[in-house]
file input_9.txt (compact mmCIF, C-alpha atoms (C1' of nucleotides))
# COMPACT_ATOMS: atom_id res chain seq x y z
CA MET A 1 16.03 9.99 -2.36
CA GLY A 2 14.67 9.24 1.06
CA VAL A 3 18.00 8.15 2.50
CA THR A 4 19.36 9.99 5.49
CA LYS A 5 22.69 11.51 4.46
CA SER A 6 24.66 10.26 7.45
CA ASP A 7 27.98 11.28 5.95
CA LEU A 8 27.06 14.94 6.30
CA PHE A 9 26.98 14.66 10.08
CA THR A 10 29.34 13.81 12.91
CA GLU A 11 29.43 10.36 14.45
CA GLU A 12 28.05 11.88 17.64
CA GLN A 13 25.09 13.33 15.79
CA ASN A 14 24.34 10.07 14.03
CA ASP A 15 24.69 8.15 17.29
CA LEU A 16 22.28 10.33 19.17
CA ALA A 17 19.83 10.18 16.28
CA ASN A 18 19.93 6.39 16.32
CA VAL A 19 19.51 6.21 20.07
CA ALA A 20 16.60 8.64 19.90
CA LYS A 21 14.83 6.21 17.59
CA ALA A 22 14.50 3.85 20.53
CA PHE A 23 12.18 6.39 22.11
CA ALA A 24 10.48 7.46 18.91
CA HIS A 25 7.69 4.90 19.10
CA PRO A 26 5.14 4.56 21.91
CA ALA A 27 5.35 0.78 21.91
CA ARG A 28 9.08 0.91 22.54
CA ILE A 29 8.57 3.45 25.29
CA ALA A 30 5.96 1.17 26.85
CA ILE A 31 8.41 -1.72 26.71
CA ILE A 32 11.19 0.37 28.25
CA GLN A 33 8.90 1.67 30.99
CA TYR A 34 7.73 -1.83 31.75
CA LEU A 35 11.28 -3.06 32.16
CA LEU A 36 12.29 0.00 34.16
CA LYS A 37 9.40 -0.27 36.57
CA SER A 38 9.79 -3.97 37.21
CA ASN A 39 13.54 -3.43 37.59
CA ALA A 40 14.13 -7.10 36.91
CA CYS A 41 14.24 -9.69 34.22
CA ILE A 42 10.89 -10.07 32.60
CA ASN A 43 9.79 -12.96 30.52
CA GLY A 44 8.02 -11.97 27.39
CA HIS A 45 4.62 -11.21 28.80
CA LEU A 46 4.78 -8.02 26.84
CA VAL A 47 2.56 -9.40 24.11
CA SER A 48 -0.37 -9.61 26.51
CA GLU A 49 0.46 -6.25 28.11
CA LEU A 50 0.51 -4.22 24.91
CA GLY A 51 -2.16 -4.78 22.33
CA LEU A 52 0.15 -5.60 19.46
CA ALA A 53 0.79 -8.85 17.66
CA GLN A 54 3.61 -11.10 18.80
CA ALA A 55 5.60 -10.50 15.64
CA THR A 56 5.35 -6.76 16.11
CA ILE A 57 6.54 -6.85 19.73
CA SER A 58 9.41 -9.08 18.73
CA GLN A 59 10.36 -6.54 16.08
CA HIS A 60 10.39 -3.69 18.60
CA LEU A 61 12.40 -5.78 21.05
CA ARG A 62 14.93 -6.41 18.33
CA ALA A 63 15.19 -2.70 17.60
CA LEU A 64 15.84 -1.99 21.28
CA LYS A 65 18.39 -4.79 21.41
CA ASP A 66 20.17 -3.46 18.31
CA ILE A 67 20.42 -0.05 19.93
CA GLY A 68 21.73 -1.85 22.99
CA ILE A 69 19.23 -0.48 25.50
CA ILE A 70 17.89 -3.90 26.45
CA GLN A 71 19.36 -7.36 26.61
CA GLY A 72 17.73 -10.77 26.64
CA THR A 73 18.79 -14.17 27.83
CA ILE A 74 17.15 -17.41 26.89
CA GLU A 75 15.55 -19.19 29.82
CA GLY A 76 14.32 -22.48 28.59
CA VAL A 77 11.46 -21.86 26.23
CA SER A 78 11.09 -18.20 26.99
CA VAL A 79 13.39 -15.20 27.02
CA SER A 80 14.12 -12.82 29.86
CA TYR A 81 14.58 -9.17 29.05
CA CYS A 82 16.00 -6.33 31.06
CA ILE A 83 17.60 -2.94 30.72
CA ASN A 84 21.31 -2.97 29.93
CA PRO A 85 22.65 -0.82 32.81
CA THR A 86 25.86 0.25 31.09
CA ARG A 87 24.20 1.22 27.86
CA TRP A 88 21.37 2.93 29.72
CA GLU A 89 23.91 5.14 31.45
CA GLU A 90 25.53 5.92 28.11
CA VAL A 91 22.22 6.83 26.52
CA LYS A 92 21.30 8.97 29.50
CA ASN A 93 24.59 10.83 29.19
CA LEU A 94 24.15 11.36 25.45
CA PHE A 95 20.88 13.12 26.12
CA SER A 96 22.21 14.94 29.18
CA GLU A 97 24.99 16.42 27.09
CA ILE A 98 22.63 18.08 24.69
CA PHE A 99 20.21 19.15 27.41
CA GLU A 100 22.98 20.70 29.48
CA LEU A 101 24.12 22.66 26.46
CA TYR A 102 21.31 25.11 26.95
CA LYS A 103 21.91 28.02 29.24
CA ASN A 104 19.22 30.65 29.46
CA PRO A 105 20.60 33.49 31.59
CA ASN A 106 17.83 35.89 30.69
CA GLN A 107 14.49 35.00 29.26
CA GLN A 108 14.99 37.70 26.67
CA ASN A 109 17.63 36.10 24.50
CA CYS A 110 14.98 34.53 22.37
CA CYS A 111 13.06 35.93 19.47
CA MET B 1 -0.69 -1.35 7.87
CA GLY B 2 2.23 0.85 8.74
CA VAL B 3 0.25 3.11 11.02
CA THR B 4 1.35 3.50 14.59
CA LYS B 5 -1.50 2.39 16.84
CA SER B 6 -1.49 5.44 19.09
CA ASP B 7 -4.74 4.48 20.77
CA LEU B 8 -3.05 1.52 22.43
CA PHE B 9 -0.77 3.78 24.42
CA THR B 10 -1.06 6.50 27.03
CA GLU B 11 -0.93 10.17 26.10
CA GLU B 12 2.37 10.40 27.94
CA GLN B 13 3.86 7.60 25.88
CA ASN B 14 2.68 9.10 22.63
CA ASP B 15 3.96 12.53 23.67
CA LEU B 16 7.41 11.29 24.51
CA ALA B 17 7.54 9.32 21.28
CA ASN B 18 6.69 12.43 19.28
CA VAL B 19 9.23 14.54 21.11
CA ALA B 20 11.89 11.89 20.59
CA LYS B 21 11.35 12.20 16.85
CA ALA B 22 12.88 15.66 17.07
CA PHE B 23 16.15 13.98 17.96
CA ALA B 24 15.75 11.00 15.67
CA HIS B 25 17.49 12.59 12.69
CA PRO B 26 21.08 13.88 12.59
CA ALA B 27 20.11 16.99 10.65
CA ARG B 28 17.65 18.00 13.33
CA ILE B 29 20.24 17.34 16.01
CA ALA B 30 22.69 19.50 14.08
CA ILE B 31 20.12 22.28 13.90
CA ILE B 32 19.34 22.01 17.61
CA GLN B 33 23.04 22.01 18.53
CA TYR B 34 23.65 25.00 16.31
CA LEU B 35 20.90 26.97 18.02
CA LEU B 36 22.00 25.82 21.47
CA LYS B 37 25.63 26.75 20.96
CA SER B 38 24.94 30.16 19.49
CA ASN B 39 22.37 30.69 22.25
CA ALA B 40 20.71 33.38 20.18
CA CYS B 41 18.48 34.03 17.27
CA ILE B 42 20.03 32.74 14.11
CA ASN B 43 19.00 33.69 10.66
CA GLY B 44 18.72 30.85 8.25
CA HIS B 45 22.40 30.29 7.65
CA LEU B 46 21.69 26.66 8.36
CA VAL B 47 21.46 25.87 4.69
CA SER B 48 25.11 26.71 4.19
CA GLU B 49 26.14 25.04 7.47
CA LEU B 50 24.59 21.67 6.76
CA GLY B 51 24.97 20.17 3.33
CA LEU B 52 21.30 19.74 2.63
CA ALA B 53 19.02 21.52 0.18
CA GLN B 54 17.07 24.56 1.30
CA ALA B 55 13.75 22.74 1.00
CA THR B 56 15.02 19.91 3.17
CA ILE B 57 16.26 22.22 5.93
CA SER B 58 12.97 24.06 5.86
CA GLN B 59 11.19 20.76 6.27
CA HIS B 60 13.29 19.83 9.32
CA LEU B 61 12.77 23.29 10.81
CA ARG B 62 9.05 22.83 10.41
CA ALA B 63 9.19 19.48 12.18
CA LEU B 64 11.04 21.07 15.09
CA LYS B 65 8.57 23.93 15.16
CA ASP B 66 5.62 21.51 15.17
CA ILE B 67 7.13 19.70 18.14
CA GLY B 68 7.58 23.14 19.70
CA ILE B 69 11.30 22.88 20.40
CA ILE B 70 12.18 25.88 18.26
CA GLN B 71 10.43 29.08 17.32
CA GLY B 72 11.00 31.52 14.49
CA THR B 73 10.21 35.14 13.93
CA ILE B 74 10.27 36.92 10.62
CA GLU B 75 12.95 39.59 10.40
CA GLY B 76 12.52 41.36 7.14
CA VAL B 77 13.43 38.99 4.37
CA SER B 78 14.87 36.32 6.59
CA VAL B 79 13.67 34.40 9.63
CA SER B 80 15.28 34.17 13.05
CA TYR B 81 15.18 30.87 14.86
CA CYS B 82 15.91 29.95 18.43
CA ILE B 83 15.18 27.37 21.07
CA ASN B 84 11.85 27.75 22.84
CA PRO B 85 13.01 27.88 26.47
CA THR B 86 9.74 26.76 28.02
CA ARG B 87 9.28 23.83 25.69
CA TRP B 88 12.93 22.89 25.99
CA GLU B 89 12.49 22.58 29.74
CA GLU B 90 9.39 20.46 29.22
CA VAL B 91 11.17 18.15 26.81
CA LYS B 92 14.13 17.86 29.14
CA ASN B 93 11.80 16.89 31.97
CA LEU B 94 10.00 14.31 29.84
CA PHE B 95 13.30 12.56 29.21
CA SER B 96 14.48 13.06 32.78
CA GLU B 97 11.40 11.29 34.07
CA ILE B 98 12.13 8.14 32.16
CA PHE B 99 15.85 8.26 32.86
CA GLU B 100 15.30 8.72 36.58
CA LEU B 101 13.01 5.73 36.60
CA TYR B 102 15.99 3.44 36.53
CA LYS B 103 17.50 2.45 39.82
CA ASN B 104 20.24 -0.10 39.76
CA PRO B 105 21.07 -0.94 43.39
CA ASN B 106 23.16 -3.95 42.54
CA GLN B 107 24.67 -4.73 39.19
CA GLN B 108 23.31 -8.24 39.51
CA ASN B 109 19.62 -7.58 39.00
CA CYS B 110 20.03 -8.03 35.30
CA CYS B 111 20.07 -11.17 33.25
C1' DC C 1 7.48 49.34 -10.40
C1' DA C 2 10.88 45.34 -11.40
C1' DA C 3 14.62 42.58 -9.74
C1' DA C 4 16.68 40.28 -5.99
C1' DT C 5 16.59 37.76 -1.70
C1' DT C 6 14.89 34.51 1.63
C1' DA C 7 12.13 30.98 3.20
C1' DA C 8 7.83 28.04 2.85
C1' DT C 9 5.20 24.89 0.24
C1' DC C 10 4.09 21.55 -3.46
C1' DG C 11 4.85 17.47 -5.99
C1' DT C 12 7.28 13.51 -6.47
C1' DA C 13 10.72 9.71 -5.99
C1' DA C 14 13.22 6.76 -2.95
C1' DT C 15 13.75 4.65 1.28
C1' DA C 16 12.27 3.47 6.12
C1' DT C 17 9.01 2.06 9.47
C1' DT C 18 5.03 -0.28 11.26
C1' DG C 19 2.13 -4.18 11.66
C1' DC C 20 0.77 -8.79 11.04
C1' DA C 21 -0.05 -13.58 9.18
C1' DA C 22 2.56 -17.37 8.25
C1' DT C 23 6.43 -19.87 8.99
C1' DA C 24 10.72 -21.23 11.21
C1' DT C 25 13.43 -22.27 15.28
C1' DA C 26 14.44 -23.96 19.73
C1' DA C 27 13.50 -25.86 24.14
C1' DT C 28 10.57 -28.56 26.99
C1' DA C 29 6.84 -31.97 28.04
C1' DA C 30 4.27 -36.03 27.17
C1' DT D 1 9.72 -39.16 19.12
C1' DT D 2 5.90 -36.17 18.81
C1' DA D 3 3.33 -32.42 20.68
C1' DT D 4 3.52 -28.03 22.93
C1' DT D 5 5.15 -23.56 24.06
C1' DA D 6 7.67 -19.26 23.33
C1' DT D 7 10.04 -16.37 20.46
C1' DA D 8 12.30 -15.00 16.02
C1' DT D 9 12.18 -14.40 11.19
C1' DT D 10 10.15 -13.85 6.60
C1' DG D 11 7.30 -11.69 3.30
C1' DC D 12 4.28 -8.35 2.28
C1' DA D 13 1.04 -4.29 2.43
C1' DA D 14 0.27 0.30 4.15
C1' DT D 15 1.96 4.41 5.79
C1' DA D 16 5.74 7.67 7.14
C1' DT D 17 9.99 9.95 6.37
C1' DT D 18 13.66 12.01 3.78
C1' DA D 19 15.35 14.67 0.03
C1' DC D 20 15.11 17.91 -3.60
C1' DG D 21 13.67 20.65 -7.81
C1' DA D 22 10.28 23.83 -8.90
C1' DT D 23 7.20 27.08 -7.51
C1' DT D 24 5.13 30.42 -4.54
C1' DA D 25 4.93 34.23 -1.19
C1' DA D 26 6.71 38.05 1.13
C1' DT D 27 10.04 41.55 1.79
C1' DT D 28 13.63 44.63 0.47
C1' DT D 29 16.48 46.98 -2.96
C1' DG D 30 17.41 49.53 -7.15
call {"tool": "encode", "arguments": {"input": "input_9.txt", "output": "structure tokens"}}
result
Amino acid sequence: MGVTKSDLFTEEQNDLANVAKAFAHPARIAIIQYLLKSNACINGHLVSELGLAQATISQHLRALKDIGIIQGTIEGVSVSYCINPTRWEEVKNLFSEIFELYKNPNQQNCC
Amino acid sequence: MGVTKSDLFTEEQNDLANVAKAFAHPARIAIIQYLLKSNACINGHLVSELGLAQATISQHLRALKDIGIIQGTIEGVSVSYCINPTRWEEVKNLFSEIFELYKNPNQQNCC
DNA sequence: CAAATTAATCGTAATATTGCAATATAATAA
DNA sequence: TTATTATATTGCAATATTACGATTAATTTG
């Protein structure tokens, strides 16, 4: 055991779950926030910003790249990272969908 | 190793990461969607809805309760669950904050 | 009271994630 | 070419998560 039974769920549910994993670690949130705030391509100064080892940062960057939220282009020796605008919009909409699903006409419909 | 180094990050970052974990598994998304769509208190018919064992569902429900997204009240032999409206709003705002952080004036600011 | 029902918890196995040192890779500089 | 620099990958240890059978706890029914 220990394996998520993906086949029990819809593609949409599995998608959202995977995307949510991007946000499910503070280091990845820190990376995302850093890229969002700078709103530009950032060379990998992230290692000095966060207090984690270079290998660990690289691993988190890879996770974010796999999910598609960030993209990186090689610039000589270093790599520039930034938010992927298209994917960001997609991810935003995925979350919006579920958040908009909740209508609470009266405060009393809850146990 | 294997422990997330929470002390390296802000409380806000750790909070969002924890909340995101609610969405980071398709079964929990399915549970949330089920409660959202019914928009009412639902007795534990979730076990028959999803294809997971009773113990597993209970475990996911507990995770959602710990995060605060759902609440349950005992109704005789069974338990009624529903979305916690206040917390839901909070969670929604946490995600909104980070999503609103992204401004993309021109499509060319990305590598 | 005993049986039935419902859900939580415990214990455990399997898999996933996190973190890092060491190493590999790739581009540039000397 | 040989350093140097920046990042990725590998291998591994520690911890977390997922799943479920078995058990427990609490309530209701007969």
call {"tool": "atom_distance", "arguments": {"input": "input_9.txt", "atom1": "CA of Tyr81 in chain A", "atom2": "CA of Ile42 in chain A"}}
result
5.2 Å
call {"tool": "closest_residue", "arguments": {"input": "input_9.txt", "among": "B:Thr4, B:Ser96, B:Asn18, B:Thr10", "to": "Ala63 in chain B", "atoms": "all atoms listed in the file"}}
result
B:Asn18
call {"tool": "closest_atom_pairs", "arguments": {"input": "input_9.txt", "of": "chain B", "to": "chain A", "cutoff": "9 Å", "atoms": "only C-alpha atoms", "output": "CSV"}}
result
residue,atom,partner,partner_atom,distance
B:Thr4,CA,A:His25,CA,7.9
B:Lys5,CA,A:Leu52,CA,8.6
B:Ser6,CA,A:Pro26,CA,7.3
B:Leu8,CA,A:Gly51,CA,6.4
B:Phe9,CA,A:Pro26,CA,6.5
B:Thr10,CA,A:Pro26,CA,8.3
B:Glu12,CA,A:Pro26,CA,8.8
B:Gln13,CA,A:Pro26,CA,5.2
B:Asn14,CA,A:Pro26,CA,5.2
B:Asp15,CA,A:Pro26,CA,8.2
B:Leu16,CA,A:Phe23,CA,7.2
B:Ala17,CA,A:Ala24,CA,4.2
B:Asn18,CA,A:Ala24,CA,6.3
B:Val19,CA,A:Ala24,CA,7.5
B:Ala20,CA,A:Ala24,CA,4.9
B:Lys21,CA,A:Ala24,CA,5.2
B:Ala22,CA,A:Ala20,CA,8.4
B:Phe23,CA,A:Ala17,CA,5.6
B:Ala24,CA,A:Ala17,CA,4.2
B:His25,CA,A:Ala17,CA,4.9
B:Pro26,CA,A:Gln13,CA,5.2
B:Ala27,CA,A:Phe9,CA,7.3
B:Arg28,CA,A:Ala17,CA,8.6
B:Ile29,CA,A:Gln13,CA,6.3
B:Ala30,CA,A:Gln13,CA,6.8
B:Ile32,CA,A:Ile98,CA,8.7
B:Gln33,CA,A:Ile98,CA,7.3
B:Leu36,CA,A:Tyr102,CA,5.6
B:Lys37,CA,A:Leu101,CA,7.0
B:Asn39,CA,A:Tyr102,CA,7.4
B:Ala40,CA,A:Asn109,CA,6.0
B:Cys41,CA,A:Cys111,CA,6.2
B:Leu50,CA,A:Leu8,CA,7.2
B:Gly51,CA,A:Leu8,CA,6.4
B:Leu52,CA,A:Leu8,CA,8.3
B:Gln71,CA,A:Cys111,CA,7.6
B:Gly72,CA,A:Cys111,CA,7.0
B:Thr73,CA,A:Cys111,CA,6.3
B:Ser80,CA,A:Cys111,CA,7.0
B:Tyr81,CA,A:Cys111,CA,7.2
B:Cys82,CA,A:Cys110,CA,6.1
B:Ile83,CA,A:Cys110,CA,7.3
B:Asn84,CA,A:Cys110,CA,7.5
B:Pro85,CA,A:Asn104,CA,7.4
B:Trp88,CA,A:Phe99,CA,8.3
B:Glu89,CA,A:Phe99,CA,8.8
B:Lys92,CA,A:Phe99,CA,6.5
B:Phe95,CA,A:Phe95,CA,8.2
B:Ser96,CA,A:Lys92,CA,8.6
B:Ile98,CA,A:Gln33,CA,7.3
B:Phe99,CA,A:Lys92,CA,6.4
B:Leu101,CA,A:Leu36,CA,6.3
B:Tyr102,CA,A:Leu36,CA,5.6
B:Lys103,CA,A:Asn39,CA,7.4
B:Asn104,CA,A:Pro85,CA,7.4
B:Gln107,CA,A:Pro85,CA,7.8
B:Asn109,CA,A:Ala40,CA,5.9
B:Cys110,CA,A:Cys82,CA,6.1
B:Cys111,CA,A:Cys41,CA,6.1
call {"tool": "write_last_selection", "arguments": {"input": "input_9.txt", "atoms": "C-alpha atoms", "output": "PDB file, in the coordinates of the input"}}
result
ATOM      1  CA  THR B   4       1.350   3.500  14.590  1.00  0.00           C
ATOM      2  CA  LYS B   5      -1.500   2.390  16.840  1.00  0.00           C
ATOM      3  CA  SER B   6      -1.490   5.440  19.090  1.00  0.00           C
ATOM      4  CA  LEU B   8      -3.050   1.520  22.430  1.00  0.00           C
ATOM      5  CA  PHE B   9      -0.770   3.780  24.420  1.00  0.00           C
ATOM      6  CA  THR B  10      -1.060   6.500  27.030  1.00  0.00           C
ATOM      7  CA  GLU B  12       2.370  10.400  27.940  1.00  0.00           C
ATOM      8  CA  GLN B  13       3.860   7.600  25.880  1.00  0.00           C
ATOM      9  CA  ASN B  14       2.680   9.100  22.630  1.00  0.00           C
ATOM     10  CA  ASP B  15       3.960  12.530  23.670  1.00  0.00           C
ATOM     11  CA  LEU B  16       7.410  11.290  24.510  1.00  0.00           C
ATOM     12  CA  ALA B  17       7.540   9.320  21.280  1.00  0.00           C
ATOM     13  CA  ASN B  18       6.690  12.430  19.280  1.00  0.00           C
ATOM     14  CA  VAL B  19       9.230  14.540  21.110  1.00  0.00           C
ATOM     15  CA  ALA B  20      11.890  11.890  20.590  1.00  0.00           C
ATOM     16  CA  LYS B  21      11.350  12.200  16.850  1.00  0.00           C
ATOM     17  CA  ALA B  22      12.880  15.660  17.070  1.00  0.00           C
ATOM     18  CA  PHE B  23      16.150  13.980  17.960  1.00  0.00           C
ATOM     19  CA  ALA B  24      15.750  11.000  15.670  1.00  0.00           C
ATOM     20  CA  HIS B  25      17.490  12.590  12.690  1.00  0.00           C
ATOM     21  CA  PRO B  26      21.080  13.880  12.590  1.00  0.00           C
ATOM     22  CA  ALA B  27      20.110  16.990  10.650  1.00  0.00           C
ATOM     23  CA  ARG B  28      17.650  18.000  13.330  1.00  0.00           C
ATOM     24  CA  ILE B  29      20.240  17.340  16.010  1.00  0.00           C
ATOM     25  CA  ALA B  30      22.690  19.500  14.080  1.00  0.00           C
ATOM     26  CA  ILE B  32      19.340  22.010  17.610  1.00  0.00           C
ATOM     27  CA  GLN B  33      23.040  22.010  18.530  1.00  0.00           C
ATOM     28  CA  LEU B  36      22.000  25.820  21.470  1.00  0.00           C
ATOM     29  CA  LYS B  37      25.630  26.750  20.960  1.00  0.00           C
ATOM     30  CA  ASN B  39      22.370  30.690  22.250  1.00  0.00           C
ATOM     31  CA  ALA B  40      20.710  33.380  20.180  1.00  0.00           C
ATOM     32  CA  CYS B  41      18.480  34.030  17.270  1.00  0.00           C
ATOM     33  CA  LEU B  50      24.590  21.670   6.760  1.00  0.00           C
ATOM     34  CA  GLY B  51      24.970  20.170   3.330  1.00  0.00           C
ATOM     35  CA  LEU B  52      21.300  19.740   2.630  1.00  0.00           C
ATOM     36  CA  GLN B  71      10.430  29.080  17.320  1.00  0.00           C
ATOM     37  CA  GLY B  72      11.000  31.520  14.490  1.00  0.00           C
ATOM     38  CA  THR B  73      10.210  35.140  13.930  1.00  0.00           C
ATOM     39  CA  SER B  80      15.280  34.170  13.050  1.00  0.00           C
ATOM     40  CA  TYR B  81      15.180  30.870  14.860  1.00  0.00           C
ATOM     41  CA  CYS B  82      15.910  29.950  18.430  1.00  0.00           C
ATOM     42  CA  ILE B  83      15.180  27.370  21.070  1.00  0.00           C
ATOM     43  CA  ASN B  84      11.850  27.750  22.840  1.00  0.00           C
ATOM     44  CA  PRO B  85      13.010  27.880  26.470  1.00  0.00           C
ATOM     45  CA  TRP B  88      12.930  22.890  25.990  1.00  0.00           C
ATOM     46  CA  GLU B  89      12.490  22.580  29.740  1.00  0.00           C
ATOM     47  CA  LYS B  92      14.130  17.860  29.140  1.00  0.00           C
ATOM     48  CA  PHE B  95      13.300  12.560  29.210  1.00  0.00           C
ATOM     49  CA  SER B  96      14.480  13.060  32.780  1.00  0.00           C
ATOM     50  CA  ILE B  98      12.130   8.140  32.160  1.00  0.00           C
ATOM     51  CA  PHE B  99      15.850   8.260  32.860  1.00  0.00           C
ATOM     52  CA  LEU B 101      13.010   5.730  36.600  1.00  0.00           C
ATOM     53  CA  TYR B 102      15.990   3.440  36.530  1.00  0.00           C
ATOM     54  CA  LYS B 103      17.500   2.450  39.820  1.00  0.00           C
ATOM     55  CA  ASN B 104      20.240  -0.100  39.760  1.00  0.00           C
ATOM     56  CA  GLN B 107      24.670  -4.730  39.190  1.00  0.00           C
ATOM     57  CA  ASN B 109      19.620  -7.580  39.000  1.00  0.00           C
ATOM     58  CA  CYS B 110      20.030  -8.030  35.300  1.00  0.00           C
ATOM     59  CA  CYS B 111      20.070 -11.170  33.250  1.00  0.00           C
TER      60      CYS B 111
END
call {"tool": "atom_distance", "arguments": {"input": "input_9.txt", "atom1": "C1' of DG21 in chain D", "atom2": "CA of Arg62 in chain B"}}
result
18.9 Å
call {"tool": "interface_residues", "arguments": {"input": "input_9.txt", "of": "chain B", "to": "chain C", "cutoff": "10 Å", "atoms": "all atoms listed in the file", "output": "VMD selection string"}}
result
chain B and resid 1 to 5 43 to 44 54 to 55 58 to 59 62 74 76 to 79
call {"tool": "write_last_selection", "arguments": {"input": "input_9.txt", "atoms": "C-alpha atoms", "output": "PDB file, in the frame of the given file"}}
result
ATOM      1  CA  MET B   1      -0.690  -1.350   7.870  1.00  0.00           C
ATOM      2  CA  GLY B   2       2.230   0.850   8.740  1.00  0.00           C
ATOM      3  CA  VAL B   3       0.250   3.110  11.020  1.00  0.00           C
ATOM      4  CA  THR B   4       1.350   3.500  14.590  1.00  0.00           C
ATOM      5  CA  LYS B   5      -1.500   2.390  16.840  1.00  0.00           C
ATOM      6  CA  ASN B  43      19.000  33.690  10.660  1.00  0.00           C
ATOM      7  CA  GLY B  44      18.720  30.850   8.250  1.00  0.00           C
ATOM      8  CA  GLN B  54      17.070  24.560   1.300  1.00  0.00           C
ATOM      9  CA  ALA B  55      13.750  22.740   1.000  1.00  0.00           C
ATOM     10  CA  SER B  58      12.970  24.060   5.860  1.00  0.00           C
ATOM     11  CA  GLN B  59      11.190  20.760   6.270  1.00  0.00           C
ATOM     12  CA  ARG B  62       9.050  22.830  10.410  1.00  0.00           C
ATOM     13  CA  ILE B  74      10.270  36.920  10.620  1.00  0.00           C
ATOM     14  CA  GLY B  76      12.520  41.360   7.140  1.00  0.00           C
ATOM     15  CA  VAL B  77      13.430  38.990   4.370  1.00  0.00           C
ATOM     16  CA  SER B  78      14.870  36.320   6.590  1.00  0.00           C
ATOM     17  CA  VAL B  79      13.670  34.400   9.630  1.00  0.00           C
TER      18      VAL B  79
END
call {"tool": "atom_distance", "arguments": {"input": "input_9.txt", "atom1": "C1' of DA3 in chain D", "atom2": "CA of His45 in chain A"}}
result
22.7 Å
call {"tool": "closest_atom_pairs", "arguments": {"input": "input_9.txt", "of": "chain D", "to": "chain B", "cutoff": "12 Å", "atoms": "only C-alpha atoms (C1' of nucleotides)", "output": "tab-separated table"}}
result
residue	atom	partner	partner_atom	distance
D:DC12	C1'	B:Met1	CA	10.2
D:DA13	C1'	B:Met1	CA	6.4
D:DA14	C1'	B:Met1	CA	4.2
D:DT15	C1'	B:Gly2	CA	4.6
D:DA16	C1'	B:Gly2	CA	7.8
D:DT17	C1'	B:His25	CA	10.2
D:DT18	C1'	B:Thr56	CA	8.0
D:DA19	C1'	B:Thr56	CA	6.1
D:DC20	C1'	B:Ala53	CA	6.5
D:DG21	C1'	B:Ala55	CA	9.1
D:DA22	C1'	B:Ala55	CA	10.5
D:DT23	C1'	B:Ala55	CA	11.6
D:DA25	C1'	B:Val77	CA	11.2
D:DA26	C1'	B:Val77	CA	7.5
D:DT27	C1'	B:Val77	CA	5.0
D:DT28	C1'	B:Val77	CA	6.9
D:DT29	C1'	B:Val77	CA	11.3
